[in-house]
Amino acid sequence: MAVAARKSKAPAQPKAAAKARGAKEGAGKTSAALSNTPSFTKEEDLHAYHEMLLIRRFEEKAGQMYGMGLIGGFCHLYIGQEAVVIGMQMASKDGDQVITGYRDHGHMLACGMESRGVMAELTGRRGGYSRGKGGSMHMFSREKNFYGGHGIVGAQVSLGTGLAFADWYRGDNTVSMTYFGDGAANQGQVYESFNMAELWKLPVVFVIENNRYAMGTAVSRASAQTDFSRRGVSFNIPGEQVDGMDVRAVRDAGLRAVEHARSGKGPYILEMQTYRYRGHSMSDPAKYRSKDEVQRMREEHDPIEQVRARLIRDFKIGEDELKAIDAKVREVVNDAAEFATHDPEPDPSELYTDILLEPAQG
C-alpha cells in the first residue's frame with residue numbers, strides 16, 4: 001500500500017537540485033501554496049519572532065566565542081534553520097520529548113533550557129548542563145524533556161524510537177519528536193527504527209531537517225531518493241514535505257503529525273526543507289556552494305525576516321518595539337556569554353562522576 005506524500009511550498013532549491021527536479025515544477029507550486037499557508041495571530045508571531053531570534057543571537061555569539069578560542073572541539077550552528085524547531089515546539093504539548101543530532105543548541109533553547117547552562121557547557125564550565133564534561137554535542141535535560149545531542153550520525157533515531165516505546169508502554173499520551181538530517185536519513189538504523197515504529201504504532205514524529213548539504217555533499221549527489229517525505233512508504237508511514245523556512249507551515253504540519261502519533265496511528269515523517277547559512281561545523285569553509293546561493297536564501301527565505309515583515313505589515317508593530325525585543329534577547333545572550341567565560345572549570349574529581357549507577361538506598 002503506497003502512502004501519498006503531502007507537499008507544501010518550499011524555498012528554492014540550490015542549482016544542482018533545481019536541475020534535477022526541473023525549474024518549472026518548482027515555480028508552479030509557489031503561488032498556489034502561498035494561499036494555503038496558515039496564518040498566525042499577533043501573539044503567535046511575536047512568540048515565534050522572540051524564540052527564533054534567541055536561537056539566532058545565541059548561535060552568532062557561540063560562533064564569535066569559538067573564533068576567540070573560548071569554545072573548543074566541535075561546534076555546529078543552527079543559523080537559518082530556526083523555524084523548524086520553534087514551529088514543532090509550538091505544535092507540541094508538555095511532556096513530549098525531543099532528541100536530535102549534534103546541531104542541537106537551537107533545540108535546547110526551544111525546549112526551555114537556560115542560555116547560561118548551554119553556553120557554559122560549550123566553554124566546558126562547571127555550570128554547564130553536563131557540568132562541563134559533554135560539550136556541544138552531549139547536553140541533556142530530563143526536566144525539559146531534552147534527550148540530546150548525539151554525536152554519532154543517525155544514532156538518535158533508534159534512541160528516539162525507544163523514547164516512543166516508553167511513551168507507548170506507559171500510556172501517558174506523550175510523543176517523541178526525533179530530529180535528524182538529510183545525511184543521516186541514509187543510515188540503516190533509521191529504517192530499522194521506521195519498521196519497528198510502524199509495526200508497534202509507536203508515537204514518534206521523525207523530523208528530517210533537510211538542509212541540502214549534510215556534511216558537505218548536496219542531496220542530489222548523495223541520495224537516490226531526494227524526496228525524504230517518501231522514505232517511509234515501504235513501511236506504510238505517511239509523510240509530507242514542509243517549507244522549513246516558514247514557521248507557520250512548520251507548526252501546521254507539526255500539528256497534523258503530532259496528532260497522528262498521539263492518537264495511536266503510529267509514526268509520521270516530516271521533511272523540513274530548510275537551509276543552514278554557515279558551514280557544517282565551525283571548521284567547514286563551505287566551498288561546495290556559492291556565496292550568491294547563500295545570500296539569495298537569506299534575502300528571500302530567512303525565517304526570522306519573514307515573521308518580522310508580517311509583524312510590521314499585518315500587525316502594525318513598530319520598528320522600535322522590534323528593536324527592543326532584539327535588545328532584550330542580546331542581553332540574555334551576552335549574560336550567558338559572560339557567565340560561560342568566568343564560571344569555574346569543573347573540579348578534576350568530576351571525571352569520576354556519572355560512570356556507575358548508584359544502587360538505591362533502602
# chains A, B, ... in the order shown; residues from 1 in each chain; ligands from 1

$ closest_atom_pairs --of "stretch 72-190 of chain A" --to "stretch 344-349 of chain A" --cutoff "8 Å" --atoms "only C-alpha atoms" --output "Markdown table"
| residue | atom | partner | partner_atom | distance |
| --- | --- | --- | --- | --- |
| A:Gly124 | CA | A:Glu345 | CA | 6.6 |
| A:Arg125 | CA | A:Glu345 | CA | 4.5 |
| A:Arg126 | CA | A:Pro346 | CA | 4.6 |
| A:Gly127 | CA | A:Pro344 | CA | 7.9 |
| A:Arg131 | CA | A:Pro346 | CA | 6.8 |
| A:Gly132 | CA | A:Pro346 | CA | 6.3 |

$ write_last_selection --atoms "C-alpha atoms" --output "short mmCIF file (atom, residue, chain, number, x, y, z; two decimals), in the first residue's frame"
data_model
loop_
_atom_site.label_atom_id
_atom_site.label_comp_id
_atom_site.auth_asym_id
_atom_site.auth_seq_id
_atom_site.Cartn_x
_atom_site.Cartn_y
_atom_site.Cartn_z
CA GLY A 124 33.46 23.46 29.45
CA ARG A 125 32.46 25.12 32.72
CA ARG A 126 31.02 23.81 35.95
CA GLY A 127 27.64 25.46 35.37
CA ARG A 131 28.87 20.02 34.25
CA GLY A 132 31.45 20.85 31.62
#

$ residues_around --residues "A:Gly128" --least-positions-apart "3" --cutoff "12 Å" --atoms "only C-alpha atoms" --output "ChimeraX atom specification"
/A:113-125,131-136,138-141,336-337,339-341,343-346

$ write_last_selection --atoms "N, CA and C atoms" --output "mmCIF file, in the first residue's frame"
data_model
loop_
_atom_site.group_PDB
_atom_site.id
_atom_site.type_symbol
_atom_site.label_atom_id
_atom_site.label_comp_id
_atom_site.auth_asym_id
_atom_site.auth_seq_id
_atom_site.Cartn_x
_atom_site.Cartn_y
_atom_site.Cartn_z
ATOM 1 N N MET A 113 15.628 25.203 27.885
ATOM 2 C CA MET A 113 16.879 25.128 28.647
ATOM 3 C C MET A 113 17.519 26.510 28.718
ATOM 4 N N GLU A 114 18.154 26.815 29.832
ATOM 5 C CA GLU A 114 18.691 28.151 30.067
ATOM 6 C C GLU A 114 19.914 28.431 29.191
ATOM 7 N N SER A 115 19.964 29.658 28.668
ATOM 8 C CA SER A 115 21.090 30.068 27.824
ATOM 9 C C SER A 115 22.417 29.961 28.573
ATOM 10 N N ARG A 116 22.408 30.312 29.848
ATOM 11 C CA ARG A 116 23.633 30.242 30.649
ATOM 12 C C ARG A 116 24.180 28.816 30.692
ATOM 13 N N GLY A 117 23.304 27.856 30.971
ATOM 14 C CA GLY A 117 23.744 26.474 31.094
ATOM 15 C C GLY A 117 24.243 25.893 29.789
ATOM 16 N N VAL A 118 23.594 26.275 28.680
ATOM 17 C CA VAL A 118 24.019 25.774 27.367
ATOM 18 C C VAL A 118 25.377 26.358 26.999
ATOM 19 N N MET A 119 25.515 27.681 27.154
ATOM 20 C CA MET A 119 26.773 28.327 26.788
ATOM 21 C C MET A 119 27.913 27.871 27.689
ATOM 22 N N ALA A 120 27.625 27.666 28.979
ATOM 23 C CA ALA A 120 28.673 27.219 29.909
ATOM 24 C C ALA A 120 29.147 25.811 29.566
ATOM 25 N N GLU A 121 28.261 24.993 29.035
ATOM 26 C CA GLU A 121 28.697 23.666 28.604
ATOM 27 C C GLU A 121 29.592 23.777 27.382
ATOM 28 N N LEU A 122 29.296 24.722 26.498
ATOM 29 C CA LEU A 122 30.136 24.918 25.308
ATOM 30 C C LEU A 122 31.550 25.322 25.701
ATOM 31 N N THR A 123 31.672 26.091 26.780
ATOM 32 C CA THR A 123 33.012 26.523 27.216
ATOM 33 C C THR A 123 33.615 25.558 28.234
ATOM 34 N N GLY A 124 32.924 24.469 28.540
ATOM 35 C CA GLY A 124 33.464 23.461 29.449
ATOM 36 C C GLY A 124 33.504 23.891 30.895
ATOM 37 N N ARG A 125 32.472 24.591 31.353
ATOM 38 C CA ARG A 125 32.462 25.121 32.716
ATOM 39 C C ARG A 125 31.536 24.328 33.644
ATOM 40 N N ARG A 131 27.810 19.637 33.305
ATOM 41 C CA ARG A 131 28.870 20.018 34.250
ATOM 42 C C ARG A 131 30.233 20.146 33.579
ATOM 43 N N GLY A 132 30.213 20.580 32.331
ATOM 44 C CA GLY A 132 31.451 20.846 31.621
ATOM 45 C C GLY A 132 32.104 19.645 30.999
ATOM 46 N N LYS A 133 31.457 18.489 31.034
ATOM 47 C CA LYS A 133 32.078 17.253 30.553
ATOM 48 C C LYS A 133 31.570 16.812 29.181
ATOM 49 N N GLY A 134 30.504 17.418 28.705
ATOM 50 C CA GLY A 134 29.884 16.924 27.474
ATOM 51 C C GLY A 134 30.182 17.756 26.249
ATOM 52 N N GLY A 135 30.226 19.080 26.419
ATOM 53 C CA GLY A 135 30.445 19.941 25.279
ATOM 54 C C GLY A 135 29.213 20.072 24.393
ATOM 55 N N SER A 136 29.452 20.574 23.202
ATOM 56 C CA SER A 136 28.363 20.939 22.294
ATOM 57 C C SER A 136 27.394 19.808 22.005
ATOM 58 N N HIS A 138 26.699 16.917 23.656
ATOM 59 C CA HIS A 138 26.256 15.987 24.704
ATOM 60 C C HIS A 138 25.667 16.731 25.893
ATOM 61 N N MET A 139 24.528 17.345 25.652
ATOM 62 C CA MET A 139 23.785 18.008 26.728
ATOM 63 C C MET A 139 22.409 17.387 26.841
ATOM 64 N N PHE A 140 21.916 17.295 28.066
ATOM 65 C CA PHE A 140 20.625 16.668 28.329
ATOM 66 C C PHE A 140 19.884 17.453 29.404
ATOM 67 N N SER A 141 18.574 17.332 29.402
ATOM 68 C CA SER A 141 17.774 17.901 30.475
ATOM 69 C C SER A 141 16.503 17.073 30.633
ATOM 70 N N ALA A 336 24.748 35.204 29.158
ATOM 71 C CA ALA A 336 25.165 33.800 29.074
ATOM 72 C C ALA A 336 26.639 33.694 28.713
ATOM 73 N N ALA A 337 27.088 34.531 27.779
ATOM 74 C CA ALA A 337 28.494 34.511 27.369
ATOM 75 C C ALA A 337 29.400 34.938 28.521
ATOM 76 N N PHE A 339 28.738 34.686 31.766
ATOM 77 C CA PHE A 339 28.730 33.605 32.744
ATOM 78 C C PHE A 339 29.626 32.452 32.297
ATOM 79 N N ALA A 340 29.508 32.085 31.020
ATOM 80 C CA ALA A 340 30.261 30.950 30.493
ATOM 81 C C ALA A 340 31.753 31.232 30.395
ATOM 82 N N THR A 341 32.129 32.490 30.419
ATOM 83 C CA THR A 341 33.541 32.855 30.352
ATOM 84 C C THR A 341 34.194 32.843 31.732
ATOM 85 N N ASP A 343 32.655 31.423 34.739
ATOM 86 C CA ASP A 343 32.290 30.329 35.629
ATOM 87 C C ASP A 343 33.493 29.396 35.803
ATOM 88 N N PRO A 344 33.721 28.847 37.004
ATOM 89 C CA PRO A 344 34.891 27.984 37.208
ATOM 90 C C PRO A 344 34.839 26.714 36.358
ATOM 91 N N GLU A 345 35.996 26.198 36.054
ATOM 92 C CA GLU A 345 36.070 24.909 35.375
ATOM 93 C C GLU A 345 35.740 23.799 36.369
ATOM 94 N N PRO A 346 35.328 22.633 35.894
ATOM 95 C CA PRO A 346 34.984 21.545 36.814
ATOM 96 C C PRO A 346 36.192 21.112 37.630
#

$ select_by_dssp --residues "stretch 125-312 of chain A" --states "strand (DSSP E)" --output "PyMOL selection string"
chain A and resi 176-181+204-210+239-243+268-273

$ write_last_selection --atoms "N, CA, C and O atoms" --output "mmCIF file, in the first residue's frame"
data_model
loop_
_atom_site.group_PDB
_atom_site.id
_atom_site.type_symbol
_atom_site.label_atom_id
_atom_site.label_comp_id
_atom_site.auth_asym_id
_atom_site.auth_seq_id
_atom_site.Cartn_x
_atom_site.Cartn_y
_atom_site.Cartn_z
ATOM 1 N N SER A 176 7.354 11.353 21.018
ATOM 2 C CA SER A 176 8.782 11.571 20.822
ATOM 3 C C SER A 176 9.000 12.269 19.482
ATOM 4 O O SER A 176 8.614 11.756 18.439
ATOM 5 N N MET A 177 9.609 13.453 19.520
ATOM 6 C CA MET A 177 9.964 14.171 18.299
ATOM 7 C C MET A 177 11.446 13.930 18.034
ATOM 8 O O MET A 177 12.305 14.421 18.772
ATOM 9 N N THR A 178 11.714 13.150 17.015
ATOM 10 C CA THR A 178 13.068 12.671 16.731
ATOM 11 C C THR A 178 13.595 13.361 15.485
ATOM 12 O O THR A 178 13.108 13.138 14.382
ATOM 13 N N TYR A 179 14.605 14.209 15.663
ATOM 14 C CA TYR A 179 15.165 15.011 14.583
ATOM 15 C C TYR A 179 16.431 14.360 14.022
ATOM 16 O O TYR A 179 17.261 13.846 14.771
ATOM 17 N N PHE A 180 16.587 14.426 12.707
ATOM 18 C CA PHE A 180 17.844 14.037 12.078
ATOM 19 C C PHE A 180 17.932 14.716 10.719
ATOM 20 O O PHE A 180 16.947 15.279 10.228
ATOM 21 N N GLY A 181 19.115 14.680 10.118
ATOM 22 C CA GLY A 181 19.339 15.421 8.890
ATOM 23 C C GLY A 181 19.260 14.576 7.641
ATOM 24 O O GLY A 181 19.071 13.355 7.688
ATOM 25 N N VAL A 204 5.786 8.497 17.534
ATOM 26 C CA VAL A 204 7.018 9.224 17.203
ATOM 27 C C VAL A 204 6.834 9.996 15.914
ATOM 28 O O VAL A 204 6.225 9.509 14.959
ATOM 29 N N VAL A 205 7.325 11.233 15.902
ATOM 30 C CA VAL A 205 7.376 12.044 14.689
ATOM 31 C C VAL A 205 8.836 12.154 14.275
ATOM 32 O O VAL A 205 9.665 12.674 15.020
ATOM 33 N N PHE A 206 9.152 11.611 13.114
ATOM 34 C CA PHE A 206 10.507 11.691 12.574
ATOM 35 C C PHE A 206 10.628 12.986 11.774
ATOM 36 O O PHE A 206 9.971 13.146 10.740
ATOM 37 N N VAL A 207 11.435 13.914 12.268
ATOM 38 C CA VAL A 207 11.608 15.220 11.626
ATOM 39 C C VAL A 207 12.946 15.236 10.901
ATOM 40 O O VAL A 207 14.009 15.259 11.530
ATOM 41 N N ILE A 208 12.901 15.193 9.572
ATOM 42 C CA ILE A 208 14.125 15.210 8.768
ATOM 43 C C ILE A 208 14.445 16.657 8.400
ATOM 44 O O ILE A 208 13.726 17.283 7.614
ATOM 45 N N GLU A 209 15.498 17.197 8.976
ATOM 46 C CA GLU A 209 15.903 18.574 8.680
ATOM 47 C C GLU A 209 16.814 18.554 7.454
ATOM 48 O O GLU A 209 18.030 18.409 7.568
ATOM 49 N N ASN A 210 16.210 18.696 6.306
ATOM 50 C CA ASN A 210 16.938 18.635 5.043
ATOM 51 C C ASN A 210 17.526 20.008 4.732
ATOM 52 O O ASN A 210 16.870 20.861 4.134
ATOM 53 N N GLY A 239 3.999 10.730 5.192
ATOM 54 C CA GLY A 239 4.970 11.806 5.306
ATOM 55 C C GLY A 239 4.592 12.982 4.435
ATOM 56 O O GLY A 239 3.740 12.865 3.549
ATOM 57 N N GLU A 240 5.221 14.105 4.702
ATOM 58 C CA GLU A 240 4.980 15.285 3.874
ATOM 59 C C GLU A 240 6.204 16.188 3.856
ATOM 60 O O GLU A 240 6.998 16.206 4.799
ATOM 61 N N GLN A 241 6.331 16.909 2.762
ATOM 62 C CA GLN A 241 7.377 17.919 2.639
ATOM 63 C C GLN A 241 6.833 19.249 3.153
ATOM 64 O O GLN A 241 5.680 19.598 2.900
ATOM 65 N N VAL A 242 7.666 19.985 3.858
ATOM 66 C CA VAL A 242 7.238 21.217 4.504
ATOM 67 C C VAL A 242 8.254 22.314 4.227
ATOM 68 O O VAL A 242 9.464 22.052 4.182
ATOM 69 N N ASP A 243 7.771 23.538 4.030
ATOM 70 C CA ASP A 243 8.664 24.682 3.926
ATOM 71 C C ASP A 243 9.228 24.955 5.308
ATOM 72 O O ASP A 243 8.600 25.611 6.137
ATOM 73 N N TYR A 268 5.060 9.276 11.985
ATOM 74 C CA TYR A 268 4.804 10.224 10.894
ATOM 75 C C TYR A 268 6.138 10.842 10.521
ATOM 76 O O TYR A 268 6.977 11.088 11.388
ATOM 77 N N ILE A 269 6.349 11.078 9.234
ATOM 78 C CA ILE A 269 7.606 11.680 8.760
ATOM 79 C C ILE A 269 7.336 13.083 8.236
ATOM 80 O O ILE A 269 6.427 13.290 7.428
ATOM 81 N N LEU A 270 8.127 14.037 8.707
ATOM 82 C CA LEU A 270 8.086 15.400 8.186
ATOM 83 C C LEU A 270 9.453 15.740 7.606
ATOM 84 O O LEU A 270 10.448 15.723 8.323
ATOM 85 N N GLU A 271 9.487 16.013 6.306
ATOM 86 C CA GLU A 271 10.728 16.500 5.707
ATOM 87 C C GLU A 271 10.698 18.018 5.704
ATOM 88 O O GLU A 271 9.943 18.637 4.955
ATOM 89 N N MET A 272 11.518 18.617 6.546
ATOM 90 C CA MET A 272 11.614 20.069 6.625
ATOM 91 C C MET A 272 12.668 20.552 5.634
ATOM 92 O O MET A 272 13.858 20.285 5.791
ATOM 93 N N GLN A 273 12.235 21.237 4.594
ATOM 94 C CA GLN A 273 13.166 21.758 3.596
ATOM 95 C C GLN A 273 13.699 23.095 4.113
ATOM 96 O O GLN A 273 13.030 24.117 4.050
#

$ residues_around --residues "stretch 41-58 of chain A" --least-positions-apart "2" --cutoff "10 Å" --atoms "only C-alpha atoms" --output "JSON, numbers by chain"
{"A": [39, 60, 61, 62, 63, 64, 77, 78, 79, 80, 81, 82, 83, 84, 85, 86, 87, 90, 105, 106, 107, 108, 109, 110, 112, 115, 118, 119, 247, 248, 303, 304, 305, 306, 307, 308, 310, 311, 314, 315, 316, 317, 322, 325, 326, 328, 329, 330, 332, 333, 334, 336, 337]}

$ atom_distance --atom1 "atom CA of A:Glu259" --atom2 "atom CA of A:Asn186"
26.4 Å

$ residues_around --residues "A:Val175" --least-positions-apart "5" --cutoff "12 Å" --atoms "only C-alpha atoms" --output "MDAnalysis selection string"
chainID A and resid 88:89 91:99 145 160:170 201:206 254:255 257:268

$ atom_distance --atom1 "atom CA of A:Gly244" --atom2 "atom CA of A:Tyr288"
21.7 Å

$ atom_distance --atom1 "atom CA of A:Ala218" --atom2 "atom CA of A:Tyr66"
26.2 Å

$ closest_residue --among "A:Tyr352, A:Tyr191, A:Phe74, A:Phe40" --to "A:Val233" --atoms "only C-alpha atoms"
A:Tyr191
